[in-house]
There are 2 protein chains.
Amino acid sequence: MAPYKELKAEILSIGDELLYGQIIDTNSHWISQELDKIGIRVVRRTTVGDNRDSILEAFRSAEERVDVILMTGGLGPTNDDLTKPLLAEYFNCEIKLVPEALDAVRSFFEKRGRELTPINKLQAHLPTKCTYIPNELGTAPGMWFHEKGKVWMSMPGVPHEMKKLMIDHVIPKIKEIYTLPHIYHKVIKTVGIGESWLSELIKDWELNLPKHIKLAYLPSLGQVKLRLTAFGAEMSKLKDDVEKEIENVKPLIEKYIFGYNQEKLEEAIGRLLKLQGKNVAFAESCSGGYISHLVTSIPGSSEYFQGGIIPYHNVFKNEILGVEANILKEKGAVSQETVIQMSENVRKMFNADFGLASSGIAGPGGGWAEKPVGTVWIACAMKERTISKKLQLTQDRMLNIQLTGVAVLNLLRQSIEGKTE
Amino acid sequence: MAPYKELKAEILSIGDELLYGQIIDTNSHWISQELDKIGIRVVRRTTVGDNRDSILEAFRSAEERVDVILMTGGLGPTNDDLTKPLLAEYFNCEIKLVPEALDAVRSFFEKRGRELTPINKLQAHLPTKCTYIPNELGTAPGMWFHEKGKVWMSMPGVPHEMKKLMIDHVIPKIKEIYTLPHIYHKVIKTVGIGESWLSELIKDWELNLPKHIKLAYLPSLGQVKLRLTAFGAEMSKLKDDVEKEIENVKPLIEKYIFGYNQEKLEEAIGRLLKLQGKNVAFAESCSGGYISHLVTSIPGSSEYFQGGIIPYHNVFKNEILGVEANILKEKGAVSQETVIQMSENVRKMFNADFGLASSGIAGPGGGWAEKPVGTVWIACAMKERTISKKLQLTQDRMLNIQLTGVAVLNLLRQSIEGKTE
């Protein structure tokens, strides 16, 4: 391995609301993952409240331990936010107006047709020892300090603001200053198979992985990610080694793989539809708009998303979507017959290549012995045929909505690829 | 105030998988909430890896700071789990077999028809200075130390095991030892006003708050929460004091308040609609199903959610939703005229009391000088009239979808309450 210094980092989250359990600190988790990807080792995460002594003590002890200190929170314009004055105190400098930051705050408000208040102006006052890092999505700027050979970065606690600062500024700046080790990650994304079944299918391959390649299973709702991580001195070799192992494992689990790295299932769907010049429409009952939301959250989805309908009651399934009244009466809304008609009719209504439908009992109410909470029917209608499937999900409403979304999108993926079971 | 000692606590999470971002630490958040409820102040949360020096240093510094140290993780039977041997080292005692713990582990395995392995037997060996706390849901026992006047509790990292130990044993034992203070929280939830404008409106009230009541601003997407926290000896007085202050601040910001404590905006909407026996339907273009998803994520929403339609292209806005073709041609899809017809027609289509509509340019593509990315029109149609509103949002697609959701739900809230601007 090439000579490099292993960089250690600490993540410092500031805010009473975290200590009191009023909001979940998802920032620390996300930052941990991002630092892991570039080979920086997080050795501690600390959360302190909006309290002078605690914050200063956290600064001191972090400085003793690590090279990089990334902090979030405590940057609002109100009096309970202490991060900025305490950083100025810690680095023994003044807080002054930064004209560039004032321009940014002013333009942020102008774009929204609002007036700048004196309190907002204060956000453009920064410690003189920091480098101003613009926050394009909010009014609290980032502050970068490079003091005593260590990097300190203060970011707002609002997740999307923090993430943009990290990706656009903090990670590139850290890479400029330090020589980081070479790490190559690649994630295989699978859907429709549980972690333990997946590990059974690939256990021989896993046992024979070379020592410098590590495998991690990262399960989430209805999906499992396989992350391969290679450590070494030469990037091109690491990449080749990982790609070779992926080629080896692919034949074992091909039908479950929908993409690689950051690609979401709804992005993969979009890629596949665009490739074939096809489009899709959704009739969502129990999923209540969630699947259409996933699909339309992807930029460019208007190219292949025709539209959707959410007929939450039988009368609308009949009147607007044209499901036959006697089917609804005899088989019920949560039935194979109903979901098939929903998918076929929404396909025609929106003149789409694929028509998808969901109908089920999301809960917590509405279930009975024959059709308990968590019973969901889904279907995919195409020109030549319609495929339907019954799911037996959980007792939890939100989980049932999300798992229905994964199952419908996976059914669509299989249908586009012509690989339905 | 009655004499009591304010108890301070630290939560210590142990495990490399947390630092590398492989799992989210939901335990700390849950423990924070539970301690907050019984008036113990969490002053720090610390996460360290499976590393001897880090863990011992964390023990030492926690002991200096707080009265109660609750730790999770690092209790597995494998070699990388260090919490137990390091606790024995820290308290200078041996690790010995606890027969009661062995019985529990054996019975745990017997119930599952499995044999006890030598490694599992090791889990019944505990530091001699600890009190054995049975873990009914797993094999790693809890360990309670009461040393040098402080409470130390080590629990497994598996969330449901930890929660049962906390509720059945840890909290009752802490209440036995200490006289706890009283804390009363109440959160005022607002929408449609930014943090700095809100703080301008209530600054005099804020300055005059009594010393034992603290105020915090908790902003999130399009919403700001105001948290009031009162500390003292007598719960009924704290509650009265906080409620009195809320009555004082209400007239200043009444039109922005949609609920209290945990209530979400979409829950408040449901509560208001049920109260009036009314219902709602949505025609979503740029929000792509997101608003219907929010509304239907609430249990019982079928009582007031009629349905929705997502006509993503002009042809469907015309053919299915009945927006006039010449309006679409002359004014465009993103226009006041179009969004008004969408809201009025979806109201009729779903036979609803309120018809809501969104049409805008979510981005990143599709904007031009006159209608840049982030231009969104929204409308609410009622029997007697229709209200419409133009929003100028951001460059970020996901943010535009979410902010449109907040704005549409807020417009609906104002319409239900008969308090539109």
# chains A, B, ... in the order shown; residues from 1 in each chain; ligands from 1

$ interface_residues --of "chain A" --to "chain B" --cutoff "6 Å" --atoms "only C-alpha atoms" --output "list of chain:residue names"
A:Leu19, A:Tyr20, A:Gly21, A:His29, A:Ser32, A:Gln33, A:Asp36, A:Val42, A:Arg44, A:Arg45, A:Thr46, A:Thr47, A:Val48, A:Gly288, A:Gly289, A:Tyr290, A:Ser292, A:His293, A:Thr296, A:Gln306, A:Gly307, A:Gly308, A:Ile309, A:Ile310, A:Pro311, A:Tyr312

$ calpha_fit_rmsd --fixed "chain A" --moving "chain B"
4.8 Å

$ select_by_dssp --residues "stretch 187-380 of chain B" --states "strand (DSSP E or B)" --output "MDAnalysis selection string"
chainID B and resid 187:191 213:220 223:232 257:260 280:284 305:311 354:360 375:380

$ residues_around --residues "A:Phe91" --least-positions-apart "2" --cutoff "10 Å" --atoms "only C-alpha atoms" --output "MDAnalysis selection string"
chainID A and resid 86:89 93:94 127:130 145 147

$ atom_distance --atom1 "atom CA of A:Val373" --atom2 "atom CA of A:Gln336"
16.3 Å

$ atom_distance --atom1 "atom CA of A:Gly374" --atom2 "atom CA of B:Ala352"
28.0 Å

$ residues_around --residues "A:Met162" --least-positions-apart "3" --cutoff "12 Å" --atoms "only C-alpha atoms" --output "NGL selection string"
:A and (13 or 26-28 or 30-31 or 70-73 or 75 or 133-143 or 153-159 or 165-171)

$ select_by_dssp --residues "stretch 60-178 of chain A" --states "helix (DSSP H, G or I)" --output "PyMOL selection string"
chain A and resi 60-65+83-90+99-111+118-122+159-177

$ write_last_selection --atoms "C-alpha atoms" --output "PDB file, in the first residue's frame"
ATOM      1  CA  ARG A  60     -11.348  20.699  23.025  1.00  0.00           C
ATOM      2  CA  SER A  61     -11.665  16.945  23.293  1.00  0.00           C
ATOM      3  CA  ALA A  62     -12.365  16.492  19.568  1.00  0.00           C
ATOM      4  CA  GLU A  63      -9.231  18.473  18.783  1.00  0.00           C
ATOM      5  CA  GLU A  64      -7.187  16.085  20.954  1.00  0.00           C
ATOM      6  CA  ARG A  65      -8.536  13.013  19.192  1.00  0.00           C
ATOM      7  CA  THR A  83     -22.113  27.407  17.431  1.00  0.00           C
ATOM      8  CA  LYS A  84     -20.900  30.543  15.646  1.00  0.00           C
ATOM      9  CA  PRO A  85     -20.026  32.717  18.669  1.00  0.00           C
ATOM     10  CA  LEU A  86     -18.341  29.747  20.364  1.00  0.00           C
ATOM     11  CA  LEU A  87     -16.225  28.950  17.297  1.00  0.00           C
ATOM     12  CA  ALA A  88     -15.106  32.595  17.274  1.00  0.00           C
ATOM     13  CA  GLU A  89     -14.298  32.351  20.990  1.00  0.00           C
ATOM     14  CA  TYR A  90     -12.482  29.035  20.550  1.00  0.00           C
ATOM     15  CA  PRO A  99     -20.166  41.056   2.093  1.00  0.00           C
ATOM     16  CA  GLU A 100     -20.277  37.972  -0.148  1.00  0.00           C
ATOM     17  CA  ALA A 101     -22.381  36.162   2.481  1.00  0.00           C
ATOM     18  CA  LEU A 102     -24.703  39.154   2.805  1.00  0.00           C
ATOM     19  CA  ASP A 103     -25.215  39.173  -0.975  1.00  0.00           C
ATOM     20  CA  ALA A 104     -26.078  35.484  -0.833  1.00  0.00           C
ATOM     21  CA  VAL A 105     -28.582  35.898   2.020  1.00  0.00           C
ATOM     22  CA  ARG A 106     -30.130  38.930   0.324  1.00  0.00           C
ATOM     23  CA  SER A 107     -30.479  37.141  -2.998  1.00  0.00           C
ATOM     24  CA  PHE A 108     -31.927  34.083  -1.186  1.00  0.00           C
ATOM     25  CA  PHE A 109     -34.702  36.310   0.167  1.00  0.00           C
ATOM     26  CA  GLU A 110     -35.157  38.341  -3.021  1.00  0.00           C
ATOM     27  CA  LYS A 111     -35.746  35.190  -5.053  1.00  0.00           C
ATOM     28  CA  PRO A 118     -32.091  42.500  10.738  1.00  0.00           C
ATOM     29  CA  ILE A 119     -31.941  39.003  12.244  1.00  0.00           C
ATOM     30  CA  ASN A 120     -31.270  37.462   8.838  1.00  0.00           C
ATOM     31  CA  LYS A 121     -28.506  39.971   8.200  1.00  0.00           C
ATOM     32  CA  LEU A 122     -26.718  38.606  11.255  1.00  0.00           C
ATOM     33  CA  PRO A 159     -30.299  17.717   6.219  1.00  0.00           C
ATOM     34  CA  HIS A 160     -30.584  18.795   2.581  1.00  0.00           C
ATOM     35  CA  GLU A 161     -28.556  21.947   3.217  1.00  0.00           C
ATOM     36  CA  MET A 162     -25.844  19.978   5.030  1.00  0.00           C
ATOM     37  CA  LYS A 163     -25.681  17.311   2.294  1.00  0.00           C
ATOM     38  CA  LYS A 164     -25.215  19.858  -0.466  1.00  0.00           C
ATOM     39  CA  LEU A 165     -22.435  21.607   1.469  1.00  0.00           C
ATOM     40  CA  MET A 166     -20.699  18.258   2.099  1.00  0.00           C
ATOM     41  CA  ILE A 167     -20.838  17.098  -1.521  1.00  0.00           C
ATOM     42  CA  ASP A 168     -20.100  20.413  -3.230  1.00  0.00           C
ATOM     43  CA  HIS A 169     -17.523  21.824  -0.837  1.00  0.00           C
ATOM     44  CA  VAL A 170     -16.391  19.826   2.185  1.00  0.00           C
ATOM     45  CA  ILE A 171     -15.386  16.534   0.574  1.00  0.00           C
ATOM     46  CA  PRO A 172     -13.581  18.229  -2.353  1.00  0.00           C
ATOM     47  CA  LYS A 173     -11.714  20.535   0.058  1.00  0.00           C
ATOM     48  CA  ILE A 174     -10.676  17.621   2.291  1.00  0.00           C
ATOM     49  CA  LYS A 175      -9.401  15.764  -0.774  1.00  0.00           C
ATOM     50  CA  GLU A 176      -7.355  18.846  -1.731  1.00  0.00           C
ATOM     51  CA  ILE A 177      -5.620  18.997   1.643  1.00  0.00           C
TER      52      ILE A 177
END

$ atom_distance --atom1 "atom CA of B:Asp67" --atom2 "atom CA of B:His182"
17.0 Å
